[in-house]
file structure-v1.txt (compact mmCIF, C-alpha atoms and all ligand atoms)
# COMPACT_ATOMS: atom_id res chain seq x y z
CA MET E 75 17.31 17.29 7.98
CA ASP E 76 18.37 20.60 6.46
CA LYS E 77 15.08 22.50 5.88
CA PHE E 78 16.17 24.10 2.60
CA LEU E 79 17.15 20.73 1.12
CA ARG E 80 13.89 19.09 2.15
CA VAL E 81 11.85 21.88 0.52
CA GLU E 82 13.97 21.53 -2.63
CA ALA E 83 13.58 17.74 -2.68
CA LEU E 84 9.81 18.14 -2.57
CA ALA E 85 9.99 20.71 -5.38
CA THR E 86 11.93 18.30 -7.65
CA LYS E 87 10.18 16.18 -10.29
CA GLY E 88 10.14 12.49 -9.55
CA PHE E 89 8.60 9.57 -7.78
CA MET E 90 9.70 9.71 -4.14
CA PRO E 91 6.89 10.48 -1.66
CA ALA E 92 7.81 12.76 1.26
CA ASP E 93 7.57 10.14 4.03
CA GLU E 94 9.67 7.67 2.02
CA GLY E 95 12.25 10.36 1.23
CA ASP E 96 12.54 11.15 4.94
CA ALA E 97 13.00 7.45 5.72
CA LEU E 98 15.61 7.22 2.96
CA TYR E 99 17.48 10.16 4.50
CA LEU E 100 17.46 8.67 8.01
CA ALA E 101 18.65 5.28 6.73
CA ALA E 102 21.44 6.87 4.68
CA CYS E 103 22.54 8.85 7.75
CA ALA E 104 22.64 5.67 9.85
CA ALA E 105 24.73 3.85 7.23
CA CYS E 106 27.18 6.73 6.78
CA ARG E 107 27.57 7.08 10.56
CA GLU E 108 28.30 3.34 10.81
CA LEU E 109 30.69 3.23 7.84
CA PRO E 110 32.51 6.57 7.65
CA LYS E 111 33.98 7.51 4.27
CA LEU E 112 32.27 4.75 2.29
CA PRO E 113 30.00 6.18 -0.43
CA ILE E 114 26.31 6.08 -1.26
CA VAL E 115 25.28 4.73 -4.67
CA GLU E 116 21.89 5.44 -6.22
CA ILE E 117 20.67 3.52 -9.26
CA GLY E 118 17.83 5.46 -10.94
CA THR E 119 18.21 9.20 -10.40
CA TYR E 120 15.76 10.66 -12.97
CA CYS E 121 15.59 14.41 -12.15
CA GLY E 122 17.28 14.02 -8.77
CA ARG E 123 14.34 13.98 -6.36
CA SER E 124 15.45 11.06 -4.14
CA THR E 125 19.03 12.22 -4.75
CA VAL E 126 18.46 15.41 -2.74
CA TRP E 127 17.58 13.42 0.40
CA LEU E 128 20.66 11.24 -0.16
CA GLY E 129 22.80 14.34 -0.82
CA ALA E 130 21.66 15.84 2.49
CA ALA E 131 22.84 12.70 4.31
CA ALA E 132 26.15 12.65 2.41
CA ARG E 133 26.78 16.32 3.21
CA LYS E 134 26.13 15.70 6.91
CA TYR E 135 28.53 12.72 7.04
CA GLN E 136 31.12 14.10 4.61
CA THR E 137 30.79 11.41 2.00
CA LYS E 138 29.59 11.32 -1.64
CA VAL E 139 26.57 10.10 -3.56
CA PHE E 140 27.27 8.52 -6.95
CA ALA E 141 24.01 9.04 -8.83
CA ILE E 142 23.77 6.54 -11.69
CA ASP E 143 21.31 6.78 -14.58
CA HIS E 144 21.50 6.60 -18.38
CA HIS E 145 18.90 9.41 -18.32
CA PHE E 146 16.82 7.94 -21.14
CA GLY E 147 14.08 6.93 -18.68
CA SER E 148 12.63 3.53 -17.88
CA GLU E 149 9.97 1.78 -19.97
CA GLU E 150 7.12 3.40 -18.01
CA ASN E 151 8.60 6.88 -18.61
CA GLN E 152 8.37 6.58 -22.43
CA ASN E 153 5.83 8.27 -24.69
CA GLY E 154 2.45 6.53 -24.42
CA TRP E 155 3.19 5.03 -20.96
CA GLU E 156 1.79 5.97 -17.57
CA TRP E 157 4.73 8.04 -16.31
CA PHE E 158 5.63 9.98 -19.46
CA ASP E 159 6.49 13.68 -19.01
CA GLN E 160 6.46 15.58 -22.30
CA SER E 161 8.62 18.38 -20.88
CA LEU E 162 11.57 15.98 -20.47
CA LEU E 163 11.67 15.11 -24.16
CA ASP E 164 14.79 16.27 -26.01
CA SER E 165 13.28 17.78 -29.16
CA SER E 166 16.45 17.27 -31.23
CA THR E 167 16.40 13.48 -30.70
CA ASN E 168 12.74 12.97 -29.71
CA GLN E 169 14.12 10.92 -26.80
CA LEU E 170 13.69 11.41 -23.07
CA ASN E 171 16.65 13.17 -21.43
CA THR E 172 16.53 13.82 -17.68
CA LEU E 173 20.19 14.87 -17.35
CA PRO E 174 19.55 18.65 -17.79
CA SER E 175 16.90 18.48 -15.04
CA LEU E 176 19.27 16.60 -12.73
CA LEU E 177 22.03 19.17 -13.27
CA ALA E 178 19.53 21.99 -12.60
CA THR E 179 18.50 20.23 -9.36
CA LEU E 180 22.12 19.97 -8.24
CA ARG E 181 22.77 23.65 -9.02
CA ARG E 182 19.62 24.79 -7.22
CA THR E 183 20.38 22.68 -4.13
CA MET E 184 24.12 23.46 -4.20
CA LEU E 185 24.81 19.72 -3.91
CA SER E 186 27.17 19.49 -6.90
CA ASP E 187 30.19 18.93 -4.65
CA VAL E 188 28.49 16.03 -2.87
CA VAL E 189 26.46 14.34 -5.62
CA ILE E 190 28.45 12.99 -8.56
CA PRO E 191 26.29 12.01 -11.53
CA ILE E 192 27.46 9.03 -13.54
CA VAL E 193 25.69 8.81 -16.88
CA GLY E 194 25.42 5.29 -18.23
CA GLU E 195 24.06 1.78 -18.01
CA SER E 196 23.94 0.45 -14.45
CA LYS E 197 25.47 -2.92 -15.33
CA VAL E 198 28.39 -1.43 -17.28
CA ILE E 199 29.28 0.97 -14.46
CA SER E 200 29.04 -1.79 -11.85
CA SER E 201 31.48 -3.95 -13.80
CA GLN E 202 34.18 -1.29 -13.29
CA TRP E 203 33.27 -0.48 -9.69
CA SER E 204 35.32 -1.97 -6.86
CA ALA E 205 34.69 0.29 -3.81
CA LYS E 206 32.54 -1.08 -0.99
CA LEU E 207 29.30 0.81 -0.30
CA ALA E 208 27.84 2.16 2.93
CA PHE E 209 24.43 2.60 1.29
CA CYS E 210 22.94 1.36 -1.96
CA PHE E 211 19.59 2.66 -3.19
CA LEU E 212 18.05 0.62 -6.01
CA ASP E 213 15.35 2.47 -7.99
CA GLY E 214 16.36 1.88 -11.62
CA GLY E 215 14.54 -0.28 -14.19
CA HIS E 216 11.61 -2.08 -12.58
CA GLY E 217 11.24 -5.09 -14.95
CA GLU E 218 12.60 -8.60 -14.35
CA GLU E 219 15.83 -8.18 -16.32
CA PRO E 220 16.98 -4.84 -14.80
CA THR E 221 16.04 -5.77 -11.21
CA ARG E 222 17.84 -9.14 -11.43
CA SER E 223 20.81 -7.36 -12.98
CA ASP E 224 20.92 -4.57 -10.36
CA TYR E 225 20.75 -7.17 -7.60
CA LEU E 226 23.67 -9.13 -9.03
CA SER E 227 25.64 -5.99 -9.94
CA TRP E 228 25.37 -3.85 -6.83
CA VAL E 229 24.23 -5.82 -3.80
CA PRO E 230 27.55 -7.75 -3.46
CA LYS E 231 29.34 -4.38 -3.10
CA ILE E 232 27.49 -3.41 0.10
CA ALA E 233 29.81 -3.55 3.12
CA VAL E 234 28.93 -5.57 6.22
CA ASN E 235 26.58 -3.39 8.34
CA GLY E 236 25.86 -1.31 5.22
CA LEU E 237 22.27 -0.80 4.05
CA LEU E 238 20.32 -1.74 0.94
CA ALA E 239 17.32 0.49 0.17
CA ILE E 240 14.81 -0.75 -2.40
CA HIS E 241 12.00 1.33 -3.87
CA ASP E 242 8.66 0.20 -5.31
CA VAL E 243 8.49 -3.02 -3.34
CA PHE E 244 4.96 -4.42 -3.53
CA SER E 245 4.23 -7.83 -2.05
CA ASP E 246 0.69 -7.74 -3.48
CA PRO E 247 0.42 -7.59 -7.31
CA LYS E 248 -2.67 -5.41 -6.89
CA ASP E 249 -0.43 -2.61 -5.60
CA GLY E 250 2.22 -2.67 -8.34
CA GLY E 251 4.84 -4.60 -10.32
CA GLN E 252 6.48 -7.53 -8.58
CA ALA E 253 10.04 -7.43 -9.91
CA PRO E 254 11.67 -5.25 -7.18
CA TYR E 255 9.89 -7.36 -4.55
CA LYS E 256 10.89 -10.74 -6.04
CA TYR E 257 14.28 -10.15 -7.57
CA ILE E 258 15.77 -7.67 -5.10
CA TYR E 259 13.90 -7.65 -1.78
CA MET E 260 13.13 -11.40 -1.49
CA ALA E 261 16.42 -12.34 -3.14
CA ALA E 262 18.34 -10.37 -0.50
CA LEU E 263 16.37 -11.81 2.42
CA ASP E 264 16.56 -15.37 1.01
CA SER E 265 20.34 -15.06 0.68
CA GLY E 266 20.54 -14.97 4.48
CA GLU E 267 22.95 -12.04 4.19
CA PHE E 268 20.38 -9.31 4.97
CA ILE E 269 17.77 -8.53 7.60
CA GLU E 270 14.92 -6.05 7.29
CA ILE E 271 15.35 -2.81 9.24
CA SER E 272 12.32 -0.76 8.20
CA ALA E 273 9.43 -0.34 5.76
CA THR E 274 7.87 2.99 4.74
CA GLY E 275 5.33 2.96 1.92
CA SER E 276 7.03 0.97 -0.86
CA LEU E 277 10.53 1.63 0.52
CA ARG E 278 12.34 -1.22 2.25
CA ILE E 279 15.60 -0.89 4.15
CA LEU E 280 17.72 -4.02 4.67
CA GLN E 281 21.02 -4.37 6.48
CA ARG E 282 23.88 -6.64 5.47
CA ILE E 283 24.70 -8.87 8.43
CA LYS E 284 27.28 -11.07 6.70
CA ILE E 285 28.97 -11.99 3.44
CA ALA E 286 28.06 -15.38 2.01
CA GLY E 287 30.60 -18.13 1.66
N1 LIG E 301 14.79 7.87 -7.88
C1 LIG E 301 14.01 8.71 -8.78
C2 LIG E 301 13.19 7.94 -9.77
C3 LIG E 301 13.94 7.00 -10.66
S1 LIG E 301 12.99 6.48 -12.07
C4 LIG E 301 13.13 9.67 -7.96
O1 LIG E 301 13.19 9.72 -6.75
O2 LIG E 301 12.35 10.39 -8.57
C5 LIG E 301 14.00 5.22 -12.72
C6 LIG E 301 15.24 5.73 -13.44
O3 LIG E 301 16.05 4.60 -13.70
C7 LIG E 301 15.00 6.41 -14.79
O4 LIG E 301 15.47 7.72 -14.76
C8 LIG E 301 15.78 5.55 -15.80
O5 LIG E 301 16.47 6.30 -16.79
C9 LIG E 301 16.76 4.82 -14.91
N2 LIG E 301 17.20 3.51 -15.43
C10 LIG E 301 16.40 2.47 -15.78
N3 LIG E 301 17.13 1.43 -16.19
C11 LIG E 301 18.44 1.79 -16.09
C12 LIG E 301 19.68 1.15 -16.37
N4 LIG E 301 19.71 -0.11 -16.82
N5 LIG E 301 20.84 1.84 -16.17
C13 LIG E 301 20.80 3.12 -15.73
N6 LIG E 301 19.65 3.77 -15.43
C14 LIG E 301 18.49 3.14 -15.60
MG MG E 302 10.73 4.45 -7.50

call {"tool": "encode", "arguments": {"input": "structure-v1.txt", "output": "structure tokens"}}
result
Amino acid sequence: MDKFLRVEALATKGFMPADEGDALYLAACAACRELPKLPIVEIGTYCGRSTVWLGAAARKYQTKVFAIDHHFGSEENQNGWEWFDQSLLDSSTNQLNTLPSLLATLRRTMLSDVVIPIVGESKVISSQWSAKLAFCFLDGGHGEEPTRSDYLSWVPKIAVNGLLAIHDVFSDPKDGGQAPYKYIYMAALDSGEFIEISATGSLRILQRIKIAG
């Protein structure tokens, strides 16, 4: 991929390891090649780290990334939790706010014409969204409720031959939380509508082979 963008992705705050980011990029390229003009949707953008890899793919295939996040952080990003970052606290509200960091990432990477941030609740945005997707990356809330909701909200919008990417998939509870594994990854495979294409670290790439019914 574009060397400048890869360096910038690695310099962005967030939770996407380099090898998984590279796999995300290659999968997004494959989906955009297969389904020209259909967009990429990302749920869970944070400061835009994974988004840079997706933006590189969208630039190459002349499509767009819609980067969805309410920017208040997930449970584990809050004060007192494992993944809290004091520097992302908005001092006027004492609440996490990752939107300024995302906008800075897009300026620095010159991806503002390719990556369109949508600020809001995943479920609310999905209820107004009718376009089919070439590529859907789910990395939002990692509890039972948000993973079940993201599965129901976004997975039906993936076009046939389009790809579903899921982050933080751990089949063994010793390695991490089970919700993305159970309520997205296994749910998609059990539906019979998806097959697994690749696994890199905790990233899983599935392809839609049919639409149920
Ligand atoms: N993909 C990012 C990490 C995302 S962290 C990276 O590569 O670094 C998870 C993000 O999901 C957080 O920023 C949080 O604000 C967002 N999120 C959690 N639940 C959400 C919901 N219901 N709607 C919108 N965004 C949500
Ligand atoms: Mg993640």

call {"tool": "residues_near_ligand", "arguments": {"input": "structure-v1.txt", "ligand": "ligand LIG 301 (chain E)", "cutoff": "7 Å", "atoms": "all atoms listed in the file", "output": "list in words"}}
result
Lys87, Gly88, Phe89, Met90, Ile117, Gly118, Thr119, Tyr120, Cys121, Gly122, Arg123, Ser124, Thr125, Ile142, Asp143, His144, His145, Phe146, Gly147, Ser148, Thr172, Gly194, Glu195, Ser196, Lys197, Asp213, Gly214, Gly215 and Pro220 of chain E

call {"tool": "closest_residue", "arguments": {"input": "structure-v1.txt", "among": "E:Ala233, E:Val188, E:Thr221, E:Ala239", "to": "E:Ala205", "atoms": "all atoms listed in the file"}}
result
E:Ala233

call {"tool": "atom_distance", "arguments": {"input": "structure-v1.txt", "atom1": "atom CA of E:Ser204", "atom2": "atom CA of E:Val115"}}
result
12.3 Å

call {"tool": "residues_around", "arguments": {"input": "structure-v1.txt", "residues": "stretch 91-93 of chain E", "least_positions_apart": "2", "cutoff": "12 Å", "atoms": "only C-alpha atoms", "output": "list in words"}}
result
Arg80, Val81, Glu82, Ala83, Leu84, Ala85, Thr86, Lys87, Gly88, Phe89, Gly95, Asp96, Ala97, Leu98, Tyr99, Leu100, Arg123, Ser124, Val126, Trp127, His241, Asp242, Ala273, Thr274, Gly275, Ser276 and Leu277 of chain E

call {"tool": "closest_residue", "arguments": {"input": "structure-v1.txt", "among": "E:Leu207, E:Ile279, E:Ile190, E:Leu263", "to": "E:Ile240", "atoms": "all atoms listed in the file"}}
result
E:Ile279

call {"tool": "atom_distance", "arguments": {"input": "structure-v1.txt", "atom1": "atom CA of E:Asp249", "atom2": "atom CA of E:Glu156"}}
result
14.9 Å

call {"tool": "closest_residue", "arguments": {"input": "structure-v1.txt", "among": "E:Val139, E:Asp164, E:Asp224, E:Glu94", "to": "ligand MG 302 (chain E)", "atoms": "all atoms listed in the file"}}
result
E:Glu94

call {"tool": "closest_residue", "arguments": {"input": "structure-v1.txt", "among": "E:Asp159, E:Arg182, E:Asn151, E:Gln169", "to": "ligand MG 302 (chain E)", "atoms": "only C-alpha atoms and all ligand atoms"}}
result
E:Asn151

call {"tool": "atom_distance", "arguments": {"input": "structure-v1.txt", "atom1": "atom CA of E:Val198", "atom2": "atom CA of E:Tyr225"}}
result
13.6 Å

call {"tool": "residues_around", "arguments": {"input": "structure-v1.txt", "residues": "E:Arg133", "least_positions_apart": "2", "cutoff": "12 Å", "atoms": "only C-alpha atoms", "output": "ChimeraX atom specification"}}
result
/E:75-76,79,99,102-103,106-107,111,113-114,125-131,135-139,183-189

call {"tool": "closest_residue", "arguments": {"input": "structure-v1.txt", "among": "E:Ala132, E:Leu226, E:Ala104, E:Ile283", "to": "E:Phe268", "atoms": "only C-alpha atoms"}}
result
E:Ile283

call {"tool": "residues_around", "arguments": {"input": "structure-v1.txt", "residues": "E:Arg222", "least_positions_apart": "4", "cutoff": "12 Å", "atoms": "all atoms listed in the file", "output": "PDB file with C-alpha atoms, in the coordinates of the input"}}
result
ATOM      1  CA  SER E 196      23.940   0.450 -14.450  1.00  0.00           C
ATOM      2  CA  LYS E 197      25.470  -2.920 -15.330  1.00  0.00           C
ATOM      3  CA  LEU E 212      18.050   0.620  -6.010  1.00  0.00           C
ATOM      4  CA  GLY E 214      16.360   1.880 -11.620  1.00  0.00           C
ATOM      5  CA  GLY E 215      14.540  -0.280 -14.190  1.00  0.00           C
ATOM      6  CA  HIS E 216      11.610  -2.080 -12.580  1.00  0.00           C
ATOM      7  CA  GLY E 217      11.240  -5.090 -14.950  1.00  0.00           C
ATOM      8  CA  GLU E 218      12.600  -8.600 -14.350  1.00  0.00           C
ATOM      9  CA  LEU E 226      23.670  -9.130  -9.030  1.00  0.00           C
ATOM     10  CA  SER E 227      25.640  -5.990  -9.940  1.00  0.00           C
ATOM     11  CA  TRP E 228      25.370  -3.850  -6.830  1.00  0.00           C
ATOM     12  CA  VAL E 229      24.230  -5.820  -3.800  1.00  0.00           C
ATOM     13  CA  GLN E 252       6.480  -7.530  -8.580  1.00  0.00           C
ATOM     14  CA  ALA E 253      10.040  -7.430  -9.910  1.00  0.00           C
ATOM     15  CA  PRO E 254      11.670  -5.250  -7.180  1.00  0.00           C
ATOM     16  CA  TYR E 255       9.890  -7.360  -4.550  1.00  0.00           C
ATOM     17  CA  LYS E 256      10.890 -10.740  -6.040  1.00  0.00           C
ATOM     18  CA  TYR E 257      14.280 -10.150  -7.570  1.00  0.00           C
ATOM     19  CA  ILE E 258      15.770  -7.670  -5.100  1.00  0.00           C
ATOM     20  CA  TYR E 259      13.900  -7.650  -1.780  1.00  0.00           C
ATOM     21  CA  MET E 260      13.130 -11.400  -1.490  1.00  0.00           C
ATOM     22  CA  ALA E 261      16.420 -12.340  -3.140  1.00  0.00           C
ATOM     23  CA  ALA E 262      18.340 -10.370  -0.500  1.00  0.00           C
TER      24      ALA E 262
END

call {"tool": "closest_residue", "arguments": {"input": "structure-v1.txt", "among": "E:Leu170, E:Leu163, E:Ile271, E:Leu177", "to": "E:Glu149", "atoms": "all atoms listed in the file"}}
result
E:Leu170

call {"tool": "axis_aligned_box", "arguments": {"input": "structure-v1.txt", "around": "stretch 217-221 of chain E", "padding_each_side": "5 Å", "output": "AutoDock Vina command-line options"}}
result
--center_x 14.1 --center_y -6.7 --center_z -13.8 --size_x 15.7 --size_y 13.8 --size_z 15.1

call {"tool": "residues_near_point", "arguments": {"input": "structure-v1.txt", "point": "(22.5, -3.3, 5.5)", "cutoff": "8 Å", "atoms": "all atoms listed in the file", "output": "PDB file with C-alpha atoms, keeping the file's coordinate frame"}}
result
ATOM      1  CA  ALA E 105      24.730   3.850   7.230  1.00  0.00           C
ATOM      2  CA  PHE E 209      24.430   2.600   1.290  1.00  0.00           C
ATOM      3  CA  ILE E 232      27.490  -3.410   0.100  1.00  0.00           C
ATOM      4  CA  ALA E 233      29.810  -3.550   3.120  1.00  0.00           C
ATOM      5  CA  VAL E 234      28.930  -5.570   6.220  1.00  0.00           C
ATOM      6  CA  ASN E 235      26.580  -3.390   8.340  1.00  0.00           C
ATOM      7  CA  GLY E 236      25.860  -1.310   5.220  1.00  0.00           C
ATOM      8  CA  LEU E 237      22.270  -0.800   4.050  1.00  0.00           C
ATOM      9  CA  LEU E 238      20.320  -1.740   0.940  1.00  0.00           C
ATOM     10  CA  PHE E 268      20.380  -9.310   4.970  1.00  0.00           C
ATOM     11  CA  ILE E 269      17.770  -8.530   7.600  1.00  0.00           C
ATOM     12  CA  ILE E 279      15.600  -0.890   4.150  1.00  0.00           C
ATOM     13  CA  LEU E 280      17.720  -4.020   4.670  1.00  0.00           C
ATOM     14  CA  GLN E 281      21.020  -4.370   6.480  1.00  0.00           C
ATOM     15  CA  ARG E 282      23.880  -6.640   5.470  1.00  0.00           C
ATOM     16  CA  ILE E 283      24.700  -8.870   8.430  1.00  0.00           C
TER      17      ILE E 283
END

call {"tool": "decode", "arguments": {"input": "structure-v1.txt", "residues": "stretch 154-167 of chain E", "atoms": "N, CA, C and O atoms", "output": "PDB file, in the first residue's frame"}}
result
ATOM      1  N   GLY E 154     -10.769   4.957  34.482  1.00  0.00           N
ATOM      2  CA  GLY E 154     -10.763   3.844  35.433  1.00  0.00           C
ATOM      3  C   GLY E 154     -10.693   2.483  34.748  1.00  0.00           C
ATOM      4  O   GLY E 154     -10.464   1.476  35.392  1.00  0.00           O
ATOM      5  N   TRP E 155     -10.884   2.440  33.417  1.00  0.00           N
ATOM      6  CA  TRP E 155     -10.846   1.169  32.679  1.00  0.00           C
ATOM      7  C   TRP E 155      -9.484   1.005  32.011  1.00  0.00           C
ATOM      8  O   TRP E 155      -8.678   1.922  31.936  1.00  0.00           O
ATOM      9  N   GLU E 156      -9.303  -0.216  31.466  1.00  0.00           N
ATOM     10  CA  GLU E 156      -7.990  -0.606  30.940  1.00  0.00           C
ATOM     11  C   GLU E 156      -7.492   0.296  29.811  1.00  0.00           C
ATOM     12  O   GLU E 156      -6.314   0.612  29.725  1.00  0.00           O
ATOM     13  N   TRP E 157      -8.383   0.713  28.921  1.00  0.00           N
ATOM     14  CA  TRP E 157      -7.948   1.429  27.713  1.00  0.00           C
ATOM     15  C   TRP E 157      -8.305   2.918  27.760  1.00  0.00           C
ATOM     16  O   TRP E 157      -8.666   3.507  26.765  1.00  0.00           O
ATOM     17  N   PHE E 158      -8.181   3.505  28.938  1.00  0.00           N
ATOM     18  CA  PHE E 158      -8.476   4.939  29.090  1.00  0.00           C
ATOM     19  C   PHE E 158      -7.248   5.761  28.703  1.00  0.00           C
ATOM     20  O   PHE E 158      -6.133   5.458  29.108  1.00  0.00           O
ATOM     21  N   ASP E 159      -7.450   6.824  27.931  1.00  0.00           N
ATOM     22  CA  ASP E 159      -6.371   7.729  27.531  1.00  0.00           C
ATOM     23  C   ASP E 159      -6.769   9.146  27.965  1.00  0.00           C
ATOM     24  O   ASP E 159      -7.632   9.777  27.350  1.00  0.00           O
ATOM     25  N   GLN E 160      -6.113   9.597  29.009  1.00  0.00           N
ATOM     26  CA  GLN E 160      -6.399  10.895  29.626  1.00  0.00           C
ATOM     27  C   GLN E 160      -6.381  12.040  28.603  1.00  0.00           C
ATOM     28  O   GLN E 160      -7.174  12.979  28.685  1.00  0.00           O
ATOM     29  N   SER E 161      -5.488  11.935  27.619  1.00  0.00           N
ATOM     30  CA  SER E 161      -5.319  13.047  26.668  1.00  0.00           C
ATOM     31  C   SER E 161      -6.528  13.196  25.736  1.00  0.00           C
ATOM     32  O   SER E 161      -6.643  14.196  25.026  1.00  0.00           O
ATOM     33  N   LEU E 162      -7.432  12.215  25.733  1.00  0.00           N
ATOM     34  CA  LEU E 162      -8.613  12.311  24.862  1.00  0.00           C
ATOM     35  C   LEU E 162      -9.847  12.832  25.600  1.00  0.00           C
ATOM     36  O   LEU E 162     -10.936  12.893  25.040  1.00  0.00           O
ATOM     37  N   LEU E 163      -9.626  13.231  26.861  1.00  0.00           N
ATOM     38  CA  LEU E 163     -10.726  13.759  27.657  1.00  0.00           C
ATOM     39  C   LEU E 163     -10.999  15.212  27.259  1.00  0.00           C
ATOM     40  O   LEU E 163     -10.072  16.007  27.123  1.00  0.00           O
ATOM     41  N   ASP E 164     -12.259  15.533  27.033  1.00  0.00           N
ATOM     42  CA  ASP E 164     -12.653  16.920  26.762  1.00  0.00           C
ATOM     43  C   ASP E 164     -12.840  17.591  28.124  1.00  0.00           C
ATOM     44  O   ASP E 164     -13.755  17.231  28.871  1.00  0.00           O
ATOM     45  N   SER E 165     -11.971  18.566  28.425  1.00  0.00           N
ATOM     46  CA  SER E 165     -11.957  19.118  29.788  1.00  0.00           C
ATOM     47  C   SER E 165     -13.234  19.907  30.094  1.00  0.00           C
ATOM     48  O   SER E 165     -13.635  20.020  31.245  1.00  0.00           O
ATOM     49  N   SER E 166     -13.908  20.423  29.048  1.00  0.00           N
ATOM     50  CA  SER E 166     -15.118  21.202  29.314  1.00  0.00           C
ATOM     51  C   SER E 166     -16.300  20.302  29.721  1.00  0.00           C
ATOM     52  O   SER E 166     -17.214  20.762  30.406  1.00  0.00           O
ATOM     53  N   THR E 167     -16.280  19.059  29.305  1.00  0.00           N
ATOM     54  CA  THR E 167     -17.400  18.154  29.640  1.00  0.00           C
ATOM     55  C   THR E 167     -16.949  17.006  30.536  1.00  0.00           C
ATOM     56  O   THR E 167     -17.781  16.258  31.041  1.00  0.00           O
TER      57      THR E 167
END
